[in-house]
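J.: This is start-v4.cif (mmCIF, C-alpha atoms).
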data_structure
loop_
_atom_site.label_atom_id
_atom_site.label_comp_id
_atom_site.auth_asym_id
_atom_site.auth_seq_id
_atom_site.Cartn_x
_atom_site.Cartn_y
_atom_site.Cartn_z
CA MET A 588 -5.75 -20.67 -14.68
CA GLU A 589 -3.67 -17.89 -16.17
CA ARG A 590 -0.90 -16.55 -13.94
CA LEU A 591 -1.52 -12.91 -13.04
CA ALA A 592 0.47 -10.22 -11.26
CA SER A 593 -0.48 -6.73 -10.10
CA LEU A 594 1.53 -3.71 -9.10
CA SER A 595 -0.12 -1.35 -6.63
CA VAL A 596 1.22 1.80 -5.01
CA ASP A 597 -0.05 3.21 -1.72
CA LEU A 598 0.26 6.99 -2.00
CA ASP A 599 1.00 7.63 1.67
CA GLU A 600 2.43 11.13 1.75
CA VAL A 601 5.50 11.92 3.86
CA ARG A 602 3.43 12.92 6.89
CA CYS A 603 2.31 9.28 7.23
CA TYR A 604 5.89 8.08 7.69
CA ALA A 605 6.61 10.92 10.07
CA ALA A 606 3.62 9.79 12.15
CA ILE A 607 4.79 6.17 12.16
CA HIS A 608 8.22 7.19 13.44
CA GLY A 609 7.04 9.94 15.79
CA GLN A 610 8.83 12.56 13.67
CA GLU A 611 5.93 14.86 12.71
CA ALA A 612 7.96 18.05 13.13
CA ALA A 613 10.97 16.86 11.17
CA LEU A 614 9.75 17.65 7.64
CA GLU A 615 8.69 20.96 6.20
CA GLY A 616 8.29 22.71 2.86
CA ASP A 617 8.69 20.80 -0.40
CA ALA A 618 9.82 17.62 1.39
CA ALA A 619 6.33 17.24 2.85
CA ARG A 620 4.99 16.70 -0.71
CA ALA A 621 7.77 14.43 -1.95
CA ILE A 622 5.49 11.50 -2.77
CA TYR A 623 3.13 13.29 -5.17
CA ASP A 624 5.72 15.74 -6.49
CA ARG A 625 8.73 13.44 -6.88
CA ALA A 626 7.97 9.75 -6.42
CA VAL A 627 4.74 9.48 -8.44
CA PRO A 628 6.32 10.86 -11.64
CA ARG A 629 9.09 8.27 -11.24
CA PHE A 630 6.51 5.50 -10.93
CA ALA A 631 4.62 6.80 -13.95
CA ARG A 632 7.79 6.75 -16.07
CA LEU A 633 8.73 3.29 -14.80
CA PHE A 634 5.32 1.78 -15.51
CA ASP A 635 5.26 3.33 -18.98
CA ALA A 636 8.67 1.83 -19.70
CA LEU A 637 7.52 -1.57 -18.45
CA GLY A 638 4.20 -1.40 -20.28
CA VAL A 639 2.31 -2.00 -17.01
CA ARG A 640 -0.92 -0.48 -15.78
CA ALA A 641 -0.94 -0.32 -12.00
CA THR A 642 -3.33 0.48 -9.15
CA PHE A 643 -2.74 3.59 -7.04
CA PHE A 644 -4.35 3.68 -3.59
CA VAL A 645 -5.17 7.29 -2.71
CA ILE A 646 -5.76 8.94 0.66
CA GLY A 647 -8.72 11.27 0.31
CA GLU A 648 -7.33 14.09 2.43
CA ASP A 649 -4.58 14.67 -0.14
CA LEU A 650 -7.42 15.91 -2.35
CA ASP A 651 -9.18 17.85 0.39
CA PRO A 652 -8.53 21.63 0.31
CA ALA A 653 -9.63 21.89 3.94
CA VAL A 654 -6.73 19.64 4.94
CA VAL A 655 -3.86 20.26 2.50
CA GLY A 656 -4.87 23.63 1.04
CA GLU A 657 -6.39 24.48 -2.33
CA ASP A 658 -3.13 24.57 -4.31
CA THR A 659 -1.87 21.21 -3.08
CA ALA A 660 -5.27 19.55 -3.46
CA ALA A 661 -5.57 20.82 -7.04
CA ALA A 662 -2.02 19.74 -7.92
CA ASN A 663 -2.58 16.25 -6.49
CA ALA A 664 -5.87 15.92 -8.39
CA ARG A 665 -4.05 16.77 -11.64
CA VAL A 666 -1.50 14.04 -10.94
CA LEU A 667 -4.26 11.49 -10.41
CA ARG A 668 -6.15 12.55 -13.53
CA GLU A 669 -3.00 12.00 -15.57
CA LEU A 670 -2.54 8.53 -14.08
CA HIS A 671 -6.19 7.70 -14.71
CA ALA A 672 -6.01 8.94 -18.29
CA ALA A 673 -2.97 6.71 -18.83
CA GLY A 674 -5.02 3.65 -17.86
CA HIS A 675 -3.99 3.19 -14.24
CA GLU A 676 -6.60 2.30 -11.63
CA ILE A 677 -7.25 4.81 -8.84
CA ALA A 678 -8.44 3.06 -5.67
CA ASN A 679 -9.42 4.09 -2.14
CA HIS A 680 -7.01 4.18 0.82
CA SER A 681 -9.56 5.90 3.14
CA HIS A 682 -10.20 9.58 3.80
CA HIS A 683 -7.74 10.37 6.60
CA HIS A 684 -5.52 7.24 6.79
CA LEU A 685 -6.28 6.62 10.46
CA TYR A 686 -3.85 3.95 11.63
CA ASP A 687 -6.26 3.05 14.42
CA LEU A 688 -9.29 2.92 12.12
CA THR A 689 -10.33 -0.55 13.33
CA ARG A 690 -10.57 0.84 16.89
CA LYS A 691 -13.20 3.36 15.83
CA GLY A 692 -16.91 2.74 15.35
CA PRO A 693 -19.24 2.13 12.39
CA ALA A 694 -19.89 5.83 11.80
CA THR A 695 -16.17 6.51 11.40
CA TRP A 696 -15.65 3.45 9.21
CA ARG A 697 -18.41 4.60 6.88
CA ALA A 698 -17.13 8.18 6.81
CA GLU A 699 -13.58 7.08 6.06
CA VAL A 700 -14.54 4.75 3.21
CA ALA A 701 -17.26 6.95 1.68
CA GLY A 702 -15.33 10.20 2.20
CA GLY A 703 -12.21 8.92 0.47
CA ALA A 704 -14.26 7.51 -2.41
CA ALA A 705 -16.14 10.78 -2.94
CA LEU A 706 -12.95 12.87 -3.17
CA ILE A 707 -11.37 10.41 -5.58
CA GLU A 708 -14.46 10.37 -7.80
CA GLU A 709 -14.50 14.16 -7.84
CA ALA A 710 -10.82 14.26 -8.83
CA VAL A 711 -10.78 11.66 -11.62
CA GLY A 712 -14.43 11.35 -12.67
CA GLU A 713 -14.79 7.69 -11.71
CA ALA A 714 -15.66 6.12 -8.37
CA PRO A 715 -13.07 3.69 -6.97
CA VAL A 716 -14.06 0.04 -6.66
CA GLY A 717 -11.19 -1.20 -4.49
CA PHE A 718 -10.08 -0.46 -0.93
CA ARG A 719 -6.93 -0.90 1.13
CA ALA A 720 -6.96 -0.23 4.86
CA PRO A 721 -4.31 1.97 6.51
CA GLY A 722 -1.42 -0.10 7.81
CA TYR A 723 -2.98 -3.31 6.35
CA THR A 724 -5.15 -3.38 9.52
CA ILE A 725 -8.72 -4.55 8.95
CA HIS A 726 -11.45 -6.52 10.73
CA ASP A 727 -14.96 -7.90 10.25
CA GLY A 728 -16.68 -4.62 11.12
CA LEU A 729 -14.76 -2.70 8.47
CA PHE A 730 -15.41 -5.46 5.95
CA ALA A 731 -19.14 -5.16 6.66
CA THR A 732 -18.92 -1.43 5.91
CA LEU A 733 -17.11 -2.09 2.62
CA GLU A 734 -19.82 -4.53 1.56
CA GLU A 735 -22.56 -2.11 2.61
CA LEU A 736 -21.02 0.66 0.47
CA GLY A 737 -20.68 -1.55 -2.60
CA VAL A 738 -16.89 -1.88 -2.67
CA ARG A 739 -16.00 -4.66 -5.12
CA TYR A 740 -12.72 -5.86 -3.64
CA ASP A 741 -10.35 -5.33 -0.72
CA SER A 742 -6.58 -5.69 -0.67
CA SER A 743 -5.53 -5.27 2.97
CA VAL A 744 -4.84 -8.74 4.36
CA PHE A 745 -1.11 -9.35 4.86
CA PRO A 746 -0.54 -12.83 6.33
CA CYS A 747 3.19 -12.35 6.88
CA PRO A 748 4.74 -13.56 10.18
CA PRO A 749 8.14 -11.83 9.64
CA TYR A 750 6.44 -8.49 8.94
CA TYR A 751 4.10 -8.91 11.93
CA GLY A 752 7.00 -9.72 14.25
CA ALA A 753 9.15 -6.84 13.00
CA LYS A 754 6.24 -4.40 13.38
CA ALA A 755 5.51 -5.61 16.92
CA LEU A 756 9.15 -5.13 17.88
CA ALA A 757 9.34 -1.65 16.34
CA LEU A 758 6.15 -0.49 18.05
CA GLY A 759 7.44 -1.80 21.36
CA LEU A 760 10.69 0.12 20.96
CA TYR A 761 8.85 3.33 20.04
CA ARG A 762 6.57 2.93 23.06
CA ALA A 763 9.51 2.38 25.40
CA ALA A 764 11.33 5.40 24.00
CA ALA A 765 8.25 7.58 24.43
CA LEU A 766 7.81 6.46 28.03
CA ALA A 767 11.44 7.34 28.66
CA GLY A 768 10.92 10.81 27.21
CA ARG A 769 13.06 10.17 24.12
CA GLY A 770 10.45 10.77 21.44
CA ARG A 771 6.80 10.49 20.54
CA PRO A 772 4.96 7.16 20.26
CA SER A 773 4.16 5.75 16.83
CA ALA A 774 0.69 6.37 15.42
CA SER A 775 0.65 2.84 14.01
CA ILE A 776 -1.06 -0.11 15.70
CA LEU A 777 -0.66 -3.88 15.60
CA ASP A 778 -3.20 -6.03 13.77
CA ASP A 779 -5.00 -9.05 15.21
CA PRO A 780 -2.47 -11.92 15.04
CA ARG A 781 -5.15 -14.19 13.62
CA VAL A 782 -4.63 -12.41 10.30
CA LEU A 783 -1.67 -14.76 9.95
CA ARG A 784 -4.14 -17.62 9.43
CA SER A 785 -5.56 -15.99 6.29
CA PRO A 786 -5.22 -17.60 2.87
CA VAL A 787 -2.29 -16.27 0.87
CA ASP A 788 -4.07 -16.41 -2.50
CA PRO A 789 -7.27 -14.54 -3.54
CA TYR A 790 -10.40 -15.65 -1.72
CA ARG A 791 -13.89 -14.58 -0.75
CA ILE A 792 -13.98 -13.67 2.92
CA GLY A 793 -16.01 -15.50 5.53
CA ARG A 794 -16.71 -14.53 9.13
CA PRO A 795 -14.16 -14.18 10.62
CA TYR A 796 -12.43 -12.61 7.64
CA TRP A 797 -9.36 -14.86 7.77
CA THR A 798 -11.57 -17.79 6.70
CA ARG A 799 -13.05 -18.51 3.30
CA GLY A 800 -16.70 -17.72 2.68
CA ALA A 801 -19.03 -15.99 0.24
CA GLY A 802 -18.24 -12.35 1.05
CA LEU A 803 -16.10 -9.67 -0.52
CA VAL A 804 -13.20 -10.61 -2.80
CA GLU A 805 -9.91 -10.29 -0.90
CA LEU A 806 -6.60 -9.95 -2.76
CA PRO A 807 -3.96 -10.55 -0.07
CA ILE A 808 -0.60 -8.77 -0.13
CA ALA A 809 2.03 -11.11 -1.56
CA VAL A 810 4.12 -13.42 0.64
CA THR A 811 6.49 -16.13 -0.51
CA ARG A 812 5.97 -19.84 -0.11
CA GLY A 813 7.39 -21.51 2.94
CA LEU A 814 8.54 -18.79 5.34
CA ARG A 815 5.94 -16.33 4.01
CA LEU A 816 8.54 -13.62 3.52
CA PRO A 817 7.09 -10.24 2.48
CA PHE A 818 7.10 -9.63 -1.25
CA ILE A 819 6.51 -5.89 -1.11
CA GLY A 820 8.35 -2.84 -2.37
CA THR A 821 10.40 -2.32 0.78
CA SER A 822 11.72 -5.88 0.98
CA VAL A 823 12.45 -6.05 -2.74
CA ALA A 824 14.21 -2.68 -2.79
CA LEU A 825 16.35 -3.55 0.23
CA ALA A 826 17.23 -6.92 -1.27
CA GLY A 827 18.94 -5.32 -4.27
CA GLU A 828 18.77 -6.63 -7.82
CA ARG A 829 19.89 -10.20 -7.09
CA GLY A 830 17.76 -10.46 -3.99
CA ALA A 831 14.77 -9.05 -5.86
CA GLU A 832 15.10 -11.73 -8.51
CA THR A 833 15.34 -14.42 -5.83
CA LEU A 834 12.22 -13.19 -4.05
CA ALA A 835 10.34 -12.97 -7.35
CA ALA A 836 11.35 -16.53 -8.19
CA MET A 837 9.81 -17.60 -4.86
CA MET A 838 6.53 -16.03 -6.00
CA ALA A 839 6.45 -17.47 -9.51
CA GLY A 840 3.51 -19.70 -10.33
CA ARG A 841 1.04 -18.22 -7.84
CA PRO A 842 -2.41 -17.46 -9.32
CA LEU A 843 -1.91 -13.78 -8.40
CA VAL A 844 1.24 -12.01 -7.27
CA ASN A 845 -0.10 -8.90 -5.53
CA PHE A 846 3.11 -6.86 -5.49
CA GLU A 847 2.37 -3.94 -3.19
CA LEU A 848 4.52 -0.82 -3.18
CA HIS A 849 4.50 2.54 -1.45
CA GLY A 850 5.27 5.94 -2.90
CA ILE A 851 8.35 6.11 -0.72
CA ASP A 852 9.74 3.07 -2.57
CA LEU A 853 10.85 5.46 -5.31
CA ALA A 854 11.65 8.41 -3.06
CA ASP A 855 15.24 9.56 -2.70
CA ALA A 856 16.45 10.89 0.66
CA ALA A 857 19.09 13.21 -0.80
CA ALA A 858 17.22 14.45 -3.86
CA ASP A 859 13.82 14.82 -2.17
CA GLY A 860 14.86 16.43 1.12
CA LEU A 861 14.01 13.39 3.25
CA GLU A 862 17.25 13.10 5.20
CA ALA A 863 15.36 13.57 8.50
CA LEU A 864 13.53 10.29 7.88
CA ARG A 865 16.52 8.35 6.64
CA PRO A 866 17.61 7.02 10.09
CA HIS A 867 14.09 5.68 10.68
CA GLN A 868 13.06 4.49 7.20
CA PRO A 869 15.47 1.76 5.97
CA ASP A 870 14.54 1.99 2.29
CA LEU A 871 15.61 5.65 2.22
CA ARG A 872 19.17 4.44 2.68
CA LYS A 873 19.07 3.38 -0.96
CA SER A 874 18.77 5.81 -3.85
CA ALA A 875 15.70 5.94 -6.07
CA ARG A 876 17.83 4.61 -8.94
CA GLU A 877 18.92 1.56 -6.91
CA LYS A 878 15.37 0.81 -5.84
CA GLU A 879 14.04 1.15 -9.37
CA ALA A 880 16.63 -1.32 -10.63
CA ALA A 881 15.48 -3.88 -8.05
CA LEU A 882 11.81 -3.37 -8.98
CA ARG A 883 12.61 -3.82 -12.67
CA ARG A 884 14.43 -7.07 -11.94
CA ALA A 885 11.49 -8.44 -9.95
CA VAL A 886 8.98 -7.58 -12.69
CA ALA A 887 11.21 -9.15 -15.34
CA ARG A 888 11.48 -12.38 -13.33
CA LEU A 889 7.72 -12.63 -12.91
CA ARG A 890 7.16 -12.03 -16.60
CA ALA A 891 9.70 -14.70 -17.46
CA ALA A 892 7.65 -17.09 -15.29
CA GLY A 893 4.56 -16.35 -17.39
CA HIS A 894 2.75 -13.81 -15.22
CA ARG A 895 0.62 -11.20 -16.98
CA PHE A 896 0.32 -7.83 -15.26
CA VAL A 897 -3.17 -6.42 -14.68
CA THR A 898 -4.75 -3.88 -12.37
CA LEU A 899 -6.19 -5.14 -9.09
CA ARG A 900 -9.66 -4.29 -10.40
CA ASP A 901 -9.13 -6.69 -13.29
CA ALA A 902 -7.66 -9.30 -10.97
CA ALA A 903 -10.68 -9.05 -8.67
CA GLU A 904 -13.02 -9.67 -11.60
CA THR A 905 -11.03 -12.78 -12.50
CA PHE A 906 -11.22 -14.24 -9.00
CA ALA A 907 -14.78 -13.18 -8.22
#
Please express what this file holds, its structure, as structure tokens.

T.:
Amino acid sequence: MERLASLSVDLDEVRCYAAIHGQEAALEGDAARAIYDRAVPRFARLFDALGVRATFFVIGEDLDPAVVGEDTAAANARVLRELHAAGHEIANHSHHHLYDLTRKGPATWRAEVAGGAALIEEAVGEAPVGFRAPGYTIHDGLFATLEELGVRYDSSVFPCPPYYGAKALALGLYRAAALAGRGRPSASILDDPRVLRSPVDPYRIGRPYWTRGAGLVELPIAVTRGLRLPFIGTSVALAGERGAETLAAMMAGRPLVNFELHGIDLADAAADGLEALRPHQPDLRKSAREKEAALRRAVARLRAAGHRFVTLRDAAETFA
């Protein structure tokens, strides 16, 4: 089978990171729109230079005038139309990016999936076919909703023990600090540890979803062989150019390298007014230029290993 690779970008706006770190009041003004206003144009230029068409996962409320205001919603819609016109895929990252979505009920799951899809279709003129859950956290009930609504693929499963352990530790520290009156608790939650049993390559889900079956196509977030280190934008950016090439070499030869990024992976603390998040968000300690160099090196290494870059929609069709 041909070796494929996909680049995807979760367009979590700055408020999402503020919620993770309990810093909601720290960012105001232009900094609150740094992802759409600053980071997305950098990604667009980078992907054009690389000749890659990527998948952008969009939170519906960034297109909702009732939430972000008419001017911001219209500006964000223009950004997405430009990406869509350039050949990038626009996919669904839910309506309100509820970190505790899996703790809600079927009515909320349906509203979050359908609401995000409707706003995206209105913005770009095409309904999204792919979904990624907030915080990579998903379960059988949410998968049933995706299948009911005709979603063609999911890309939420992240079977990465180092990431899971680091997230558990961070959430514990935030909880302890909040109990001691030294900050607000994180809005994020921890996934079911059985996600770590999931296949690392594309598969059709069974019940439970971490087993193979005949259900929806799942495109797991990339992890390396052996230790299952995270091959995502944050780890690659922090690794620097040499480290990025090493991590990419550990991915080479997989049927699909699902290289997941976030908008903040090309944000710049100094240039974008994000200094308040810098102590809490490790990747903001590197400049956008440094992070871009690491991403370029990783893509080059995968191409040298024979991987062809496609959108996740195209990858899902291949593995269906």

J.: Rank nothing, just name the residue among A:Glu735, A:Glu805, A:Glu847, A:Asp852 nearest to Ala903 in chain A, using only C-alpha atoms.

T.: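 Among A:Glu735, A:Glu805, A:Glu847, A:Asp852, it is A:Glu805 that comes nearest to Ala903 in chain A.
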
J.: Translate the PyMOL selection byres ((chain A and resi 598) around 7), as applied to the file shown, into an explicit residue set as JSON, numbers by chain.

T.: {"A": [596, 597, 599, 600, 622, 643, 644, 645, 646, 849, 850]}

J.: Please determine, counting all atoms listed in the file, which residue among A:Glu676, A:Gly647, A:Val897, A:Gly728 has the shortest atom-to-atom distance to Ala701 in chain A.

T.: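 Closest to Ala701 in chain A of all the choices is A:Gly647.
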
J.: Got a sec: who's within 8 Å of Leu825 in chain A, counting all atoms listed in the file, leaving out chain neighbours fewer than 2 positions off, as a list in words?

T.: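 What passes the distance filter is Thr821, Ser822, Val823, Gly827, Pro869, Asp870, Lys873 and Lys878 of chain A.
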
J.: Report as a PyMOL selection string the full result of the PyMOL selection byres ((chain A and resi 670) around 10) when it is applied to this structure.

T.: chain A and resi 627-628+631+640-643+664-669+671-677+711

J.: So which one's closest to Glu734 in chain A, A:Ala863, A:Val601, A:Ala801, A:Ala764? Using only C-alpha atoms, please.

T.: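 Residue with the minimum atom-to-atom distance to Glu734 in chain A: A:Ala801.
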
J.: Tell me which protein, DNA and RNA residues are within 10 Å of Asp778 in chain A, counting all atoms listed in the file, leaving out same-chain ones fewer than 3 positions away, and put them as a ChimeraX atom specification.

T.: /A:687,689,722-726,744-745,751,754-755,775,781-783

J.: List the residues selected by the PyMOL selection byres ((chain A and resi 749) around 9) in the file shown, writing them as an NGL selection string.

T.: :A and (747-748 or 750-754 or 814-817)

J.: Would you mind listing what lies within 9 Å of Arg900 in chain A as JSON, numbers by chain, with only C-alpha atoms counted and same-chain residues fewer than 4 positions away left out?

T.: {"A": [642, 676, 678, 716, 717, 739, 740, 904, 905]}

J.: Emit the selected residues as a PDB file, in the frame of the given file, including C-alpha atoms.

T.:
ATOM      1  CA  THR A 642      -3.330   0.480  -9.150  1.00  0.00           C
ATOM      2  CA  GLU A 676      -6.600   2.300 -11.630  1.00  0.00           C
ATOM      3  CA  ALA A 678      -8.440   3.060  -5.670  1.00  0.00           C
ATOM      4  CA  VAL A 716     -14.060   0.040  -6.660  1.00  0.00           C
ATOM      5  CA  GLY A 717     -11.190  -1.200  -4.490  1.00  0.00           C
ATOM      6  CA  ARG A 739     -16.000  -4.660  -5.120  1.00  0.00           C
ATOM      7  CA  TYR A 740     -12.720  -5.860  -3.640  1.00  0.00           C
ATOM      8  CA  GLU A 904     -13.020  -9.670 -11.600  1.00  0.00           C
ATOM      9  CA  THR A 905     -11.030 -12.780 -12.500  1.00  0.00           C
TER      10      THR A 905
END

J.: Choose the residue, out of A:Ala809, A:Ala891, A:Ala694, A:Ile851, that has the smallest atom-to-atom separation from Asp624 in chain A; count all atoms listed in the file.

T.: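 For Asp624 in chain A, the nearest of the given residues is A:Ile851.
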
J.: Looking at only C-alpha atoms, which of A:Gly703, A:Ala907, A:His683, A:Arg620 is the one that sits closest to Gly800 in chain A?

T.: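 Among A:Gly703, A:Ala907, A:His683, A:Arg620, it is A:Ala907 that comes nearest to Gly800 in chain A.
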
J.: To one decimal place, how far is CA of Arg791 in chain A from CA of Ala885 in chain A in Å?

T.: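 If I compute the distance from CA of Arg791 in chain A to CA of Ala885 in chain A, I get 27.7 Å.
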
J.: Pick the closest to Ala660 in chain A from A:Ala698, A:Asn679, A:Glu709, A:Tyr796: which is it, counting all atoms listed in the file?

T.: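 Among the listed residues, A:Glu709 lies closest to Ala660 in chain A.
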
J.: Could you tell me how far CA of Val844 in chain A lies from CA of Asp779 in chain A, in Å and to one decimal?

T.: 23.5 Å

J.: What separation in Å, quoted to one decimal, exists between CA of Ala705 in chain A and CA of Pro807 in chain A?

T.: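 According to the coordinates, CA of Ala705 in chain A and CA of Pro807 in chain A are separated by 24.7 Å.
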
J.: Restore all heavy atoms in range 699-708 of chain A and list the result as a PDB file, in the frame of the given file.

T.:
ATOM      1  N   GLU A 699     -14.911   7.223   6.639  1.00  0.00           N
ATOM      2  CA  GLU A 699     -13.580   7.080   6.060  1.00  0.00           C
ATOM      3  C   GLU A 699     -13.619   6.433   4.675  1.00  0.00           C
ATOM      4  O   GLU A 699     -12.890   6.839   3.775  1.00  0.00           O
ATOM      5  CB  GLU A 699     -12.686   6.260   7.007  1.00  0.00           C
ATOM      6  CG  GLU A 699     -12.190   7.039   8.197  1.00  0.00           C
ATOM      7  CD  GLU A 699     -11.279   8.171   7.771  1.00  0.00           C
ATOM      8  OE1 GLU A 699     -10.261   7.911   7.109  1.00  0.00           O
ATOM      9  OE2 GLU A 699     -11.589   9.335   8.087  1.00  0.00           O
ATOM     10  N   VAL A 700     -14.449   5.421   4.512  1.00  0.00           N
ATOM     11  CA  VAL A 700     -14.540   4.750   3.210  1.00  0.00           C
ATOM     12  C   VAL A 700     -15.280   5.636   2.205  1.00  0.00           C
ATOM     13  O   VAL A 700     -14.792   5.889   1.097  1.00  0.00           O
ATOM     14  CB  VAL A 700     -15.244   3.390   3.348  1.00  0.00           C
ATOM     15  CG1 VAL A 700     -15.396   2.731   1.968  1.00  0.00           C
ATOM     16  CG2 VAL A 700     -14.455   2.474   4.286  1.00  0.00           C
ATOM     17  N   ALA A 701     -16.452   6.142   2.593  1.00  0.00           N
ATOM     18  CA  ALA A 701     -17.260   6.950   1.680  1.00  0.00           C
ATOM     19  C   ALA A 701     -16.594   8.291   1.396  1.00  0.00           C
ATOM     20  O   ALA A 701     -16.636   8.793   0.258  1.00  0.00           O
ATOM     21  CB  ALA A 701     -18.654   7.163   2.262  1.00  0.00           C
ATOM     22  N   GLY A 702     -15.980   8.905   2.407  1.00  0.00           N
ATOM     23  CA  GLY A 702     -15.330  10.200   2.200  1.00  0.00           C
ATOM     24  C   GLY A 702     -14.161  10.118   1.246  1.00  0.00           C
ATOM     25  O   GLY A 702     -13.998  10.979   0.362  1.00  0.00           O
ATOM     26  N   GLY A 703     -13.320   9.091   1.400  1.00  0.00           N
ATOM     27  CA  GLY A 703     -12.210   8.920   0.470  1.00  0.00           C
ATOM     28  C   GLY A 703     -12.694   8.672  -0.943  1.00  0.00           C
ATOM     29  O   GLY A 703     -12.170   9.239  -1.911  1.00  0.00           O
ATOM     30  N   ALA A 704     -13.725   7.826  -1.083  1.00  0.00           N
ATOM     31  CA  ALA A 704     -14.260   7.510  -2.410  1.00  0.00           C
ATOM     32  C   ALA A 704     -14.820   8.743  -3.094  1.00  0.00           C
ATOM     33  O   ALA A 704     -14.615   8.948  -4.302  1.00  0.00           O
ATOM     34  CB  ALA A 704     -15.325   6.431  -2.288  1.00  0.00           C
ATOM     35  N   ALA A 705     -15.524   9.590  -2.346  1.00  0.00           N
ATOM     36  CA  ALA A 705     -16.140  10.780  -2.940  1.00  0.00           C
ATOM     37  C   ALA A 705     -15.080  11.745  -3.472  1.00  0.00           C
ATOM     38  O   ALA A 705     -15.232  12.309  -4.567  1.00  0.00           O
ATOM     39  CB  ALA A 705     -17.016  11.479  -1.907  1.00  0.00           C
ATOM     40  N   LEU A 706     -14.010  11.946  -2.728  1.00  0.00           N
ATOM     41  CA  LEU A 706     -12.950  12.870  -3.170  1.00  0.00           C
ATOM     42  C   LEU A 706     -12.217  12.318  -4.384  1.00  0.00           C
ATOM     43  O   LEU A 706     -11.836  13.067  -5.293  1.00  0.00           O
ATOM     44  CB  LEU A 706     -11.984  13.111  -2.015  1.00  0.00           C
ATOM     45  CG  LEU A 706     -12.532  14.034  -0.915  1.00  0.00           C
ATOM     46  CD1 LEU A 706     -11.749  13.865   0.372  1.00  0.00           C
ATOM     47  CD2 LEU A 706     -12.495  15.493  -1.381  1.00  0.00           C
ATOM     48  N   ILE A 707     -12.030  11.021  -4.422  1.00  0.00           N
ATOM     49  CA  ILE A 707     -11.370  10.410  -5.580  1.00  0.00           C
ATOM     50  C   ILE A 707     -12.258  10.535  -6.816  1.00  0.00           C
ATOM     51  O   ILE A 707     -11.779  10.882  -7.909  1.00  0.00           O
ATOM     52  CB  ILE A 707     -11.035   8.933  -5.279  1.00  0.00           C
ATOM     53  CG1 ILE A 707      -9.931   8.852  -4.219  1.00  0.00           C
ATOM     54  CG2 ILE A 707     -10.613   8.204  -6.557  1.00  0.00           C
ATOM     55  CD1 ILE A 707      -9.742   7.462  -3.634  1.00  0.00           C
ATOM     56  N   GLU A 708     -13.543  10.253  -6.662  1.00  0.00           N
ATOM     57  CA  GLU A 708     -14.460  10.370  -7.800  1.00  0.00           C
ATOM     58  C   GLU A 708     -14.500  11.797  -8.320  1.00  0.00           C
ATOM     59  O   GLU A 708     -14.503  12.029  -9.540  1.00  0.00           O
ATOM     60  CB  GLU A 708     -15.853   9.908  -7.415  1.00  0.00           C
ATOM     61  CG  GLU A 708     -16.832   9.946  -8.572  1.00  0.00           C
ATOM     62  CD  GLU A 708     -18.192   9.380  -8.223  1.00  0.00           C
ATOM     63  OE1 GLU A 708     -18.459   9.138  -7.023  1.00  0.00           O
ATOM     64  OE2 GLU A 708     -18.996   9.175  -9.152  1.00  0.00           O
TER      65      GLU A 708
END
